[in-house]
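Printed here is final.cif (mmCIF, C-alpha atoms and all ligand atoms):
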```
data_input
#
loop_
_atom_site.label_atom_id
_atom_site.label_comp_id
_atom_site.auth_asym_id
_atom_site.auth_seq_id
_atom_site.Cartn_x
_atom_site.Cartn_y
_atom_site.Cartn_z
CA MET A 993 -16.65 37.34 -20.56
CA GLY A 994 -18.01 35.08 -17.89
CA ASN A 995 -20.16 33.30 -20.50
CA SER A 996 -18.93 29.72 -20.94
CA ASP A 997 -20.23 29.67 -24.59
CA GLN A 998 -17.61 32.28 -25.48
CA SER A 999 -14.79 30.59 -23.58
CA ILE A 1000 -11.80 29.25 -25.50
CA VAL A 1001 -11.21 26.53 -22.87
CA PRO A 1002 -13.79 23.73 -22.58
CA GLU A 1003 -15.50 24.16 -19.21
CA HIS A 1004 -14.93 20.52 -18.15
CA SER A 1005 -11.19 20.81 -18.76
CA LEU A 1006 -10.84 23.84 -16.49
CA ASP A 1007 -12.99 22.15 -13.87
CA ARG A 1008 -10.71 19.17 -13.93
CA ASP A 1009 -7.57 21.34 -13.70
CA CYS A 1010 -9.07 22.98 -10.64
CA THR A 1011 -9.93 19.67 -8.95
CA THR A 1012 -6.99 19.56 -6.60
CA LEU A 1013 -6.58 16.87 -3.98
CA SER A 1014 -7.78 19.00 -1.05
CA ARG A 1015 -10.87 20.14 -2.98
CA HIS A 1016 -11.65 16.53 -3.90
CA VAL A 1017 -11.33 15.40 -0.28
CA LEU A 1018 -13.76 18.09 0.87
CA GLN A 1019 -16.21 17.16 -1.92
CA GLN A 1020 -16.45 13.68 -0.46
CA PHE A 1021 -17.95 14.96 2.76
CA SER A 1022 -21.50 16.25 2.60
CA SER A 1023 -20.70 19.30 4.73
CA PHE A 1024 -17.70 21.22 6.01
CA THR A 1025 -17.52 19.40 9.33
CA ALA A 1026 -14.47 19.51 11.57
CA GLU A 1027 -13.71 15.94 10.46
CA ALA A 1028 -13.84 16.92 6.77
CA GLN A 1029 -11.44 19.77 7.40
CA ASP A 1030 -9.07 17.58 9.43
CA ILE A 1031 -8.94 14.88 6.79
CA SER A 1032 -8.49 17.42 4.02
CA ALA A 1033 -5.63 19.05 5.98
CA ILE A 1034 -4.02 15.63 6.62
CA MET A 1035 -4.23 14.73 2.93
CA SER A 1036 -2.65 18.08 2.05
CA ARG A 1037 0.25 17.30 4.39
CA ILE A 1038 0.67 13.88 2.82
CA ALA A 1039 0.69 15.59 -0.58
CA LEU A 1040 3.41 17.95 0.68
CA ALA A 1041 5.49 14.95 1.83
CA ALA A 1042 4.98 13.41 -1.62
CA LYS A 1043 6.16 16.57 -3.36
CA LEU A 1044 9.27 16.81 -1.19
CA ILE A 1045 10.16 13.15 -1.75
CA SER A 1046 9.41 13.39 -5.46
CA ARG A 1047 11.64 16.47 -5.77
CA ARG A 1048 14.54 14.74 -4.02
CA LEU A 1049 14.14 11.54 -6.05
CA SER A 1050 14.17 13.48 -9.31
CA ARG A 1051 17.54 15.03 -8.43
CA ALA A 1052 19.06 12.33 -6.23
CA GLY A 1053 21.59 11.18 -8.84
CA LEU A 1054 22.99 14.72 -9.00
CA MET A 1055 23.17 15.30 -5.25
CA ALA A 1056 26.04 14.23 -3.05
CA GLY A 1057 24.94 11.85 -0.28
CA ALA A 1058 21.37 11.28 -1.44
CA LEU A 1059 21.75 7.69 -2.66
CA GLY A 1060 23.20 4.50 -1.23
CA PHE A 1061 23.09 2.84 2.18
CA THR A 1062 23.48 4.47 5.58
CA GLY A 1063 25.28 1.43 7.01
CA GLU A 1064 22.45 0.88 9.55
CA THR A 1065 19.82 -1.87 9.64
CA ASN A 1066 16.18 -1.16 10.47
CA VAL A 1067 13.80 -2.89 12.86
CA GLN A 1068 13.17 -5.50 10.13
CA GLY A 1069 16.89 -6.30 9.96
CA GLU A 1070 17.11 -4.77 6.47
CA SER A 1071 19.88 -2.45 5.30
CA VAL A 1072 18.67 1.13 5.40
CA LYS A 1073 19.04 3.45 2.44
CA LYS A 1074 19.62 7.17 2.76
CA MET A 1075 16.38 7.82 0.86
CA ASP A 1076 14.48 5.68 3.43
CA ILE A 1077 15.71 7.95 6.21
CA TYR A 1078 15.06 11.13 4.27
CA ALA A 1079 11.50 10.10 3.37
CA ASN A 1080 10.77 8.92 6.91
CA GLU A 1081 11.87 12.28 8.28
CA VAL A 1082 9.85 14.16 5.69
CA PHE A 1083 6.64 12.57 6.98
CA ILE A 1084 7.58 13.43 10.57
CA SER A 1085 8.46 16.96 9.62
CA VAL A 1086 5.24 17.71 7.73
CA PHE A 1087 3.12 16.50 10.66
CA LYS A 1088 5.03 18.26 13.45
CA GLN A 1089 3.09 21.23 14.79
CA SER A 1090 0.22 20.35 12.48
CA GLY A 1091 -2.30 19.85 15.26
CA LEU A 1092 -3.53 16.89 13.23
CA VAL A 1093 -1.77 13.63 13.95
CA CYS A 1094 -0.73 12.35 17.39
CA ARG A 1095 1.40 9.44 16.34
CA LEU A 1096 3.31 8.34 13.27
CA ALA A 1097 4.12 4.67 12.89
CA SER A 1098 6.49 3.71 10.11
CA GLU A 1099 8.18 0.65 8.75
CA GLU A 1100 11.49 2.38 9.45
CA MET A 1101 10.87 3.01 13.17
CA ASP A 1102 10.86 0.44 15.95
CA LYS A 1103 8.21 2.36 17.92
CA PRO A 1104 5.75 5.07 16.87
CA TYR A 1105 6.87 8.69 16.86
CA TYR A 1106 4.71 10.65 19.29
CA ILE A 1107 3.78 14.29 18.76
CA PRO A 1108 2.29 15.15 22.15
CA GLU A 1109 1.74 18.81 21.27
CA ASN A 1110 -0.73 17.68 18.57
CA CYS A 1111 -2.62 15.35 20.87
CA PRO A 1112 -5.19 17.57 22.52
CA ILE A 1113 -6.48 18.38 19.04
CA GLY A 1114 -5.40 15.66 16.64
CA ARG A 1115 -6.69 12.17 17.37
CA TYR A 1116 -5.28 10.39 14.36
CA THR A 1117 -2.37 8.03 13.72
CA LEU A 1118 -0.64 7.90 10.38
CA LEU A 1119 0.98 4.59 9.46
CA TYR A 1120 3.32 4.64 6.49
CA ASP A 1121 6.06 3.06 4.48
CA PRO A 1122 8.13 6.09 3.46
CA ILE A 1123 9.97 4.46 0.54
CA ASP A 1124 8.66 1.15 -0.64
CA GLY A 1125 10.82 -0.75 -3.11
CA SER A 1126 14.01 1.02 -2.05
CA SER A 1127 16.19 -1.46 -3.99
CA ASN A 1128 14.99 0.50 -7.05
CA VAL A 1129 16.12 3.90 -5.79
CA ASP A 1130 19.78 3.78 -6.78
CA ILE A 1131 18.99 2.69 -10.34
CA ASN A 1132 16.30 5.27 -11.07
CA LEU A 1133 13.35 2.87 -11.22
CA ASN A 1134 9.91 3.38 -9.73
CA VAL A 1135 9.39 3.47 -5.97
CA GLY A 1136 6.45 4.47 -3.80
CA SER A 1137 5.19 5.60 -0.41
CA ILE A 1138 2.19 3.94 1.24
CA PHE A 1139 -0.02 5.45 3.94
CA SER A 1140 -2.94 4.57 6.16
CA LEU A 1141 -4.87 6.77 8.57
CA ARG A 1142 -6.55 5.49 11.73
CA GLN A 1143 -8.35 7.12 14.62
CA GLN A 1144 -6.38 6.82 17.86
CA GLN A 1145 -8.29 4.84 20.46
CA GLY A 1146 -7.51 5.48 24.09
CA ASP A 1147 -4.63 7.56 25.41
CA ASP A 1148 -1.78 5.10 24.76
CA LEU A 1149 -0.13 6.31 27.97
CA ASN A 1150 2.37 3.45 28.10
CA GLY A 1151 3.49 4.14 24.52
CA GLU A 1152 2.80 0.63 23.27
CA ALA A 1153 0.26 1.64 20.60
CA LYS A 1154 -1.75 -1.53 21.28
CA ASP A 1155 -4.86 0.10 19.78
CA LEU A 1156 -3.23 -0.23 16.37
CA LEU A 1157 -3.40 -4.02 16.61
CA GLN A 1158 -6.76 -4.19 14.90
CA ASN A 1159 -8.15 -5.36 11.62
CA GLY A 1160 -7.91 -3.22 8.50
CA ASP A 1161 -11.54 -2.11 8.43
CA GLY A 1162 -10.68 0.64 10.92
CA GLN A 1163 -8.70 2.56 8.31
CA ILE A 1164 -10.21 5.99 7.71
CA ALA A 1165 -8.08 6.65 4.66
CA ALA A 1166 -5.42 4.78 2.76
CA GLY A 1167 -3.37 5.36 -0.33
CA TYR A 1168 -0.02 5.50 -1.99
CA ILE A 1169 2.23 7.73 -4.01
CA LEU A 1170 3.94 6.27 -7.05
CA TYR A 1171 7.13 8.05 -8.05
CA GLY A 1172 7.30 7.05 -11.72
CA PRO A 1173 7.53 9.02 -14.95
CA SER A 1174 4.95 11.22 -13.23
CA THR A 1175 4.15 11.32 -9.54
CA VAL A 1176 0.75 9.80 -8.92
CA LEU A 1177 -1.22 9.86 -5.68
CA VAL A 1178 -4.01 7.30 -5.26
CA TYR A 1179 -6.29 7.41 -2.24
CA SER A 1180 -9.57 6.30 -0.76
CA LEU A 1181 -11.65 7.53 2.15
CA GLY A 1182 -13.89 4.48 1.84
CA LYS A 1183 -15.84 6.15 -0.99
CA GLY A 1184 -14.12 4.80 -4.07
CA VAL A 1185 -10.55 5.07 -5.27
CA HIS A 1186 -9.26 8.18 -6.98
CA SER A 1187 -5.96 9.12 -8.57
CA PHE A 1188 -4.15 12.43 -8.93
CA ILE A 1189 -1.11 13.44 -10.94
CA LEU A 1190 1.39 15.97 -9.69
CA ASP A 1191 1.53 18.90 -12.09
CA PRO A 1192 5.03 20.23 -11.36
CA SER A 1193 4.25 23.58 -12.97
CA LEU A 1194 1.41 24.15 -10.48
CA GLY A 1195 2.88 22.18 -7.57
CA GLU A 1196 -0.57 20.60 -7.18
CA PHE A 1197 -1.99 17.11 -7.44
CA ILE A 1198 -4.73 17.31 -10.09
CA LEU A 1199 -7.51 14.76 -10.48
CA ALA A 1200 -6.70 12.11 -13.09
CA ASP A 1201 -9.21 9.26 -12.51
CA GLU A 1202 -12.25 9.00 -10.27
CA ASN A 1203 -13.87 5.81 -8.95
CA ILE A 1204 -11.27 3.47 -10.38
CA THR A 1205 -12.43 -0.14 -10.67
CA ILE A 1206 -10.21 -3.21 -11.00
CA PRO A 1207 -11.30 -5.47 -13.89
CA GLU A 1208 -12.82 -8.79 -12.72
CA HIS A 1209 -9.87 -10.56 -14.31
CA GLY A 1210 -6.58 -9.50 -15.85
CA PRO A 1211 -3.71 -11.20 -17.67
CA VAL A 1212 -0.91 -10.17 -15.30
CA TYR A 1213 0.45 -12.20 -12.43
CA SER A 1214 3.09 -10.35 -10.47
CA VAL A 1215 5.32 -12.39 -8.19
CA ASN A 1216 9.02 -12.97 -7.52
CA GLU A 1217 9.46 -16.35 -9.21
CA GLY A 1218 13.01 -16.49 -7.84
CA ASN A 1219 11.35 -17.78 -4.67
CA TYR A 1220 9.76 -20.74 -6.50
CA TRP A 1221 11.55 -23.47 -4.57
CA GLN A 1222 10.97 -21.73 -1.24
CA TRP A 1223 7.19 -21.63 -1.63
CA GLU A 1224 4.73 -24.23 -0.53
CA GLU A 1225 3.60 -26.64 -3.24
CA SER A 1226 0.20 -24.88 -3.56
CA ILE A 1227 1.83 -21.71 -4.92
CA ARG A 1228 4.07 -23.72 -7.22
CA GLU A 1229 0.97 -25.48 -8.55
CA TYR A 1230 -0.70 -22.10 -9.20
CA ILE A 1231 2.38 -20.85 -11.07
CA ARG A 1232 2.53 -24.02 -13.17
CA TYR A 1233 -1.18 -23.47 -13.97
CA VAL A 1234 -0.59 -19.93 -15.29
CA HIS A 1235 2.47 -21.10 -17.23
CA ARG A 1236 0.39 -23.75 -18.97
CA HIS A 1237 -2.64 -21.62 -19.79
CA ASP A 1238 -2.92 -18.99 -22.50
CA GLY A 1239 -3.69 -15.42 -21.59
CA TYR A 1240 -1.30 -14.92 -18.67
CA THR A 1241 1.80 -12.79 -18.58
CA SER A 1242 4.25 -11.91 -15.82
CA ARG A 1243 5.28 -8.42 -14.65
CA TYR A 1244 7.36 -7.77 -11.52
CA SER A 1245 9.41 -4.69 -10.63
CA GLY A 1246 10.43 -5.45 -7.03
CA ALA A 1247 8.44 -2.43 -5.84
CA LEU A 1248 4.97 -3.18 -4.55
CA VAL A 1249 3.43 0.23 -5.27
CA GLY A 1250 4.24 0.14 -8.99
CA ASP A 1251 3.29 -3.51 -9.31
CA PHE A 1252 0.01 -2.92 -7.49
CA HIS A 1253 -0.74 0.21 -9.53
CA ARG A 1254 -0.56 -1.84 -12.73
CA ILE A 1255 -2.99 -4.38 -11.25
CA LEU A 1256 -5.35 -1.64 -10.04
CA MET A 1257 -5.50 -0.10 -13.51
CA GLN A 1258 -5.41 -3.22 -15.70
CA GLY A 1259 -6.36 -6.18 -13.52
CA GLY A 1260 -4.55 -9.37 -12.56
CA VAL A 1261 -2.97 -10.41 -9.31
CA PHE A 1262 0.03 -9.40 -7.21
CA LEU A 1263 1.34 -12.13 -4.95
CA TYR A 1264 3.84 -12.19 -2.13
CA PRO A 1265 3.32 -15.63 -0.58
CA GLY A 1266 4.93 -16.99 2.54
CA THR A 1267 7.80 -19.40 2.15
CA VAL A 1268 8.35 -22.67 3.97
CA LYS A 1269 10.90 -20.96 6.23
CA LYS A 1270 8.95 -17.69 6.55
CA PRO A 1271 5.24 -18.55 6.30
CA GLU A 1272 4.27 -14.94 7.00
CA GLY A 1273 6.10 -13.70 3.87
CA LYS A 1274 7.83 -10.34 3.61
CA LEU A 1275 5.23 -7.58 3.42
CA ARG A 1276 4.23 -5.63 6.51
CA LEU A 1277 0.52 -5.70 7.25
CA LEU A 1278 -0.01 -2.26 8.77
CA TYR A 1279 2.23 -0.24 6.46
CA GLU A 1280 1.91 -2.10 3.15
CA SER A 1281 -0.70 -4.84 2.78
CA ALA A 1282 -3.65 -3.41 4.72
CA PRO A 1283 -3.66 0.03 3.02
CA LEU A 1284 -3.46 -1.59 -0.42
CA ALA A 1285 -6.15 -4.12 0.55
CA PHE A 1286 -8.42 -1.21 1.53
CA LEU A 1287 -7.88 0.32 -1.92
CA ALA A 1288 -8.36 -3.02 -3.70
CA GLU A 1289 -11.73 -3.60 -2.03
CA GLN A 1290 -12.82 -0.03 -2.65
CA ALA A 1291 -12.03 -0.59 -6.33
CA GLY A 1292 -14.13 -3.77 -6.44
CA GLY A 1293 -11.16 -6.11 -6.16
CA LYS A 1294 -10.03 -8.50 -3.47
CA ALA A 1295 -7.12 -8.93 -1.05
CA SER A 1296 -6.35 -12.11 0.81
CA THR A 1297 -3.69 -13.71 2.96
CA GLY A 1298 -4.37 -16.78 0.84
CA LYS A 1299 -6.57 -18.20 3.58
CA GLU A 1300 -8.68 -15.27 4.75
CA ARG A 1301 -9.75 -11.74 3.81
CA LEU A 1302 -6.68 -9.63 4.45
CA LEU A 1303 -8.62 -6.83 6.15
CA ASP A 1304 -9.93 -9.34 8.74
CA PHE A 1305 -6.43 -10.27 9.86
CA ILE A 1306 -5.58 -8.94 13.34
CA PRO A 1307 -1.88 -8.29 13.87
CA GLU A 1308 -0.11 -9.34 17.06
CA LYS A 1309 2.60 -6.71 16.70
CA LEU A 1310 3.15 -3.44 14.87
CA HIS A 1311 5.60 -4.88 12.38
CA GLN A 1312 3.53 -8.00 11.64
CA ARG A 1313 3.99 -9.55 8.22
CA THR A 1314 1.37 -11.44 6.20
CA PRO A 1315 1.28 -13.25 2.88
CA LEU A 1316 -0.59 -11.25 0.25
CA ALA A 1317 -2.65 -12.01 -2.85
CA ILE A 1318 -4.30 -8.85 -4.18
CA GLY A 1319 -6.05 -7.67 -7.31
CA SER A 1320 -8.90 -8.85 -9.53
CA VAL A 1321 -11.54 -10.93 -7.77
CA GLU A 1322 -11.26 -13.90 -10.17
CA ASP A 1323 -7.48 -13.99 -10.04
CA VAL A 1324 -7.22 -13.72 -6.26
CA GLU A 1325 -9.85 -16.44 -5.91
CA LEU A 1326 -7.89 -18.67 -8.27
CA VAL A 1327 -4.80 -18.36 -6.03
CA GLU A 1328 -6.95 -19.05 -2.96
CA SER A 1329 -8.43 -22.16 -4.61
CA PHE A 1330 -4.95 -23.67 -5.10
CA ILE A 1331 -4.08 -22.98 -1.43
CA LYS A 1332 -7.38 -24.45 -0.22
CA ASP A 1333 -7.13 -27.49 -2.44
CA TRP A 1334 -3.57 -28.21 -1.33
CA ALA A 1335 -4.56 -27.88 2.35
CA ARG A 1336 -7.46 -30.32 1.80
CA ARG A 1337 -5.25 -32.88 0.05
CA THR A 1338 -2.54 -32.55 2.71
CA SER A 1339 -4.96 -33.11 5.58
CA GLU A 1340 -6.61 -36.06 3.79
CA ALA A 1341 -3.19 -37.61 3.25
CA ALA A 1342 -2.31 -37.04 6.92
CA ALA A 1343 -5.60 -38.64 8.00
CA LYS A 1344 -4.94 -41.70 5.80
CA GLU A 1345 -1.42 -41.96 7.22
CA THR A 1346 -2.81 -41.93 10.80
CA ILE A 1347 -5.36 -44.64 9.95
CA SER A 1348 -2.77 -46.89 8.32
CA SER A 1349 -0.26 -46.46 11.17
CA ASN A 1350 -3.02 -47.30 13.71
CA SER A 1351 -4.17 -50.44 11.86
P1 LIG A 1401 12.44 -2.91 -0.13
O1 LIG A 1401 11.80 -1.58 0.15
O2 LIG A 1401 13.29 -3.39 0.99
O3 LIG A 1401 13.12 -2.93 -1.48
O4 LIG A 1401 11.26 -3.97 -0.20
C1 LIG A 1401 10.28 -3.80 -1.12
C2 LIG A 1401 9.14 -4.75 -0.86
O5 LIG A 1401 8.68 -4.65 0.45
C3 LIG A 1401 8.00 -4.52 -1.86
O6 LIG A 1401 7.94 -3.23 -2.35
C4 LIG A 1401 8.28 -5.49 -2.97
O7 LIG A 1401 7.11 -5.94 -3.60
C5 LIG A 1401 8.98 -6.62 -2.28
O8 LIG A 1401 9.57 -6.07 -1.10
C6 LIG A 1401 10.07 -7.19 -3.13
O9 LIG A 1401 10.67 -8.23 -2.45
P2 LIG A 1401 11.59 -9.29 -3.21
O10 LIG A 1401 12.85 -8.58 -3.58
O11 LIG A 1401 11.80 -10.37 -2.20
O12 LIG A 1401 10.84 -9.76 -4.42
#
```

Translate the structure described by the file into structure tokens.
Amino acid sequence: MGNSDQSIVPEHSLDRDCTTLSRHVLQQFSSFTAEAQDISAIMSRIALAAKLISRRLSRAGLMAGALGFTGETNVQGESVKKMDIYANEVFISVFKQSGLVCRLASEEMDKPYYIPENCPIGRYTLLYDPIDGSSNVDINLNVGSIFSLRQQQGDDLNGEAKDLLQNGDGQIAAGYILYGPSTVLVYSLGKGVHSFILDPSLGEFILADENITIPEHGPVYSVNEGNYWQWEESIREYIRYVHRHDGYTSRYSGALVGDFHRILMQGGVFLYPGTVKKPEGKLRLLYESAPLAFLAEQAGGKASTGKERLLDFIPEKLHQRTPLAIGSVEDVELVESFIKDWARRTSEAAAKETISSNS
């Protein structure tokens, strides 16, 4: 006993089974500093929220009052689902009396939720989208949760959370949970991207993949083509390009986390462009696009608004939206090239028009 040569279980397999999320987080810090312990404790709370949400989703169809709309609209003017409210409250509940996080800012709440009793100790803010892709909930398709962790700057005494209006490089951690056939948690602390699968028999997230890298190019483009006639011509030109060239295929589920997860693992591009009427698009920068952009870059990919690096974009308000092109470097750059080329041609045409009207 105790001698690995005599063991019936390969040593690496047991090691992997024992690599839980909290252990992995601690391994990424060189020593057991207070920061390492805080971040590990925060990630454990996020994992608890994920387990609670996953449990409810797996039984929602059998529970009275778990599915459907509440009849309310959220700060975005969207109809709120009961699962949105449940998941939002789960995140609040797991961080109350945690001593870890001072503020929670969510897509479902107009203003951040303050936890003053945590503030003397915890100096972090968690931003999150509790249920992303909620149109999938009632029909038992994949949904996700997205999170991003930032250090609070200043005391935010007037409760306006202005310090959150910064670019995405200030994220300390970011990740998502995908509630699919299995529940997967993907995260980064700025040291690569790692994925964990919830083992329901253990109630633990166990390491699945370390240092995930997005292929340079992939066949998938993921976009809601129902918006074709609402896009600017540059995006339509890009779509016509992929239609006419071999090697491209379309996949779109209406839930960003699942669609992005496919791109992260297999390459390609996810797109949510602006439309002529709504140039900023649909996705929320702080709760959706910036955390995923952080992961994409950490995995060697790229994320763009179409015109600039997404993580450079500074929001003017908490619920700011931005267009998004995210995924493999080559594929994101191809989208950007169509946008750039269209802008050049449009400004040249405008210049010619000015000259001819002046002559
Ligand atoms: P919901 O959570 O309101 O369903 O929105 C989901 C989402 O923000 C994102 O997950 C999807 O990629 C995108 O919207 C889908 O939007 P369209 O239905 O306009 O394609």

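Proximity to Glu1064 (chain A) was assessed for A:Glu1100, A:Glu1340, A:Asp1147, A:Glu1229 counting only C-alpha atoms; the smallest distance is recorded for A:Glu1100.
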
Ligand LIG 1401 (chain A): which residues are within 7 Å, counting only C-alpha atoms and all ligand atoms? Reply as a PDB file with C-alpha atoms, in the frame of the given file.
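Contents of result07.pdb, as written:
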```
ATOM      1  CA  GLU A1070      17.110  -4.770   6.470  1.00  0.00           C
ATOM      2  CA  ILE A1123       9.970   4.460   0.540  1.00  0.00           C
ATOM      3  CA  ASP A1124       8.660   1.150  -0.640  1.00  0.00           C
ATOM      4  CA  GLY A1125      10.820  -0.750  -3.110  1.00  0.00           C
ATOM      5  CA  SER A1126      14.010   1.020  -2.050  1.00  0.00           C
ATOM      6  CA  SER A1127      16.190  -1.460  -3.990  1.00  0.00           C
ATOM      7  CA  ASN A1128      14.990   0.500  -7.050  1.00  0.00           C
ATOM      8  CA  ASN A1216       9.020 -12.970  -7.520  1.00  0.00           C
ATOM      9  CA  GLY A1246      10.430  -5.450  -7.030  1.00  0.00           C
ATOM     10  CA  ALA A1247       8.440  -2.430  -5.840  1.00  0.00           C
ATOM     11  CA  LEU A1248       4.970  -3.180  -4.550  1.00  0.00           C
ATOM     12  CA  VAL A1249       3.430   0.230  -5.270  1.00  0.00           C
ATOM     13  CA  LYS A1274       7.830 -10.340   3.610  1.00  0.00           C
ATOM     14  CA  LEU A1275       5.230  -7.580   3.420  1.00  0.00           C
TER      15      LEU A1275
END
```

*Find the residues near Glu1081 (chain A): any atom within 12 Å, counting all atoms listed in the file, skip ones fewer than 3 places away on the same chain, and give them as a PyMOL selection string.*
chain A and resi 1041+1044-1045+1074-1078+1084-1088+1096-1098+1100-1101+1105+1120-1123

_Which residues are near Arg1115 (chain A)? Cut-off 8 Å, only C-alpha atoms, ignore same chain within fewer than 3 positions. Put them as JSON, numbers by chain._
{"A": [1092, 1093, 1094, 1111, 1112, 1143, 1144]}

_Report as number ranges by chain all protein, DNA and RNA residues lying within 10 Å of Thr1012 (chain A), evaluated on all atoms listed in the file, omitting residues in the same chain fewer than 5 positions from it._
A: 1007, 1017, 1036, 1188-1190, 1196-1200

*Quick one: of A:Val1327, A:Cys1010, A:Leu1256, A:Val1072, who's nearest to Arg1232 (chain A), counting all atoms listed in the file?*
A:Val1327

_Which residues are near region 1167-1180 of chain A? Cut-off 6 Å, all atoms listed in the file, ignore same chain within fewer than 5 positions. Put them as number ranges by chain._
A: 1134-1139, 1185-1190

_Two-atom distance - CA of Ile1164 (chain A), CA of Gly1182 (chain A) (Å)_ =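 Here the two named atoms are 7.1 Å from each other.
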
*Show me as JSON, numbers by chain the residues that reach within 8 Å of (-0.1, -25.0, -6.4), counting all atoms listed in the file and using the file's own coordinates.*
{"A": [1224, 1225, 1226, 1227, 1228, 1229, 1230, 1231, 1232, 1233, 1330, 1331, 1334]}

*Excluding Glu1322 (chain A) and any residue of its chain fewer than 6 positions from it, enumerate the residues within 10 Å of it, using only C-alpha atoms, and give them as a list in words.*
Pro1207, Glu1208, His1209, Gly1210, Gly1259, Gly1260, Val1261, Gly1293, Lys1294 and Glu1328 of chain A

*Option closest in space to Leu1263 (chain A), from A:Glu1217, A:Glu1027, A:Glu1289, A:Asp1130 [counting all atoms listed in the file]*: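 Checking each candidate against Leu1263 (chain A), we get A:Glu1217 as the closest.
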
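Comparing A:Lys1043, A:Lys1269, A:Glu1202, A:Asp1251 by their smallest distance to Asn1219 (chain A), the closest is A:Lys1269 (using all atoms listed in the file).
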
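Each of A:Leu1326, A:Ala1285, A:Val1268, A:Ala1153 was compared to Asp1102 (chain A) using all atoms listed in the file, and A:Ala1153 turns out to be the nearest.
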
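Reported to one decimal place, the separation of CA of Pro1315 (chain A) from CA of Gly1266 (chain A) is 5.2 Å.
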
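Of the residues listed (A:Ala1079, A:Leu1141, A:Leu1018, A:Ala1291), A:Leu1141 shows the shortest atom-to-atom separation from Tyr1116 (chain A); distances use only C-alpha atoms.
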
*asked:* For a test of reading the model, state the distance in Å between CA of Ser1140 (chain A) and CA of Ala1166 (chain A), rounded to one decimal.
replied: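 Straight-line distance from CA of Ser1140 (chain A) to CA of Ala1166 (chain A) works out to 4.2 Å.
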
Given 3 Å of margin on each side, can you work out the centre and size in Å (one decimal) of an axis-aligned box holding every listed atom of region 1097-1115 of chain A, as JSON?
```
{"center_x": 2.4, "center_y": 9.6, "center_z": 15.6, "size_x": 24.2, "size_y": 24.4, "size_z": 19.8}
```
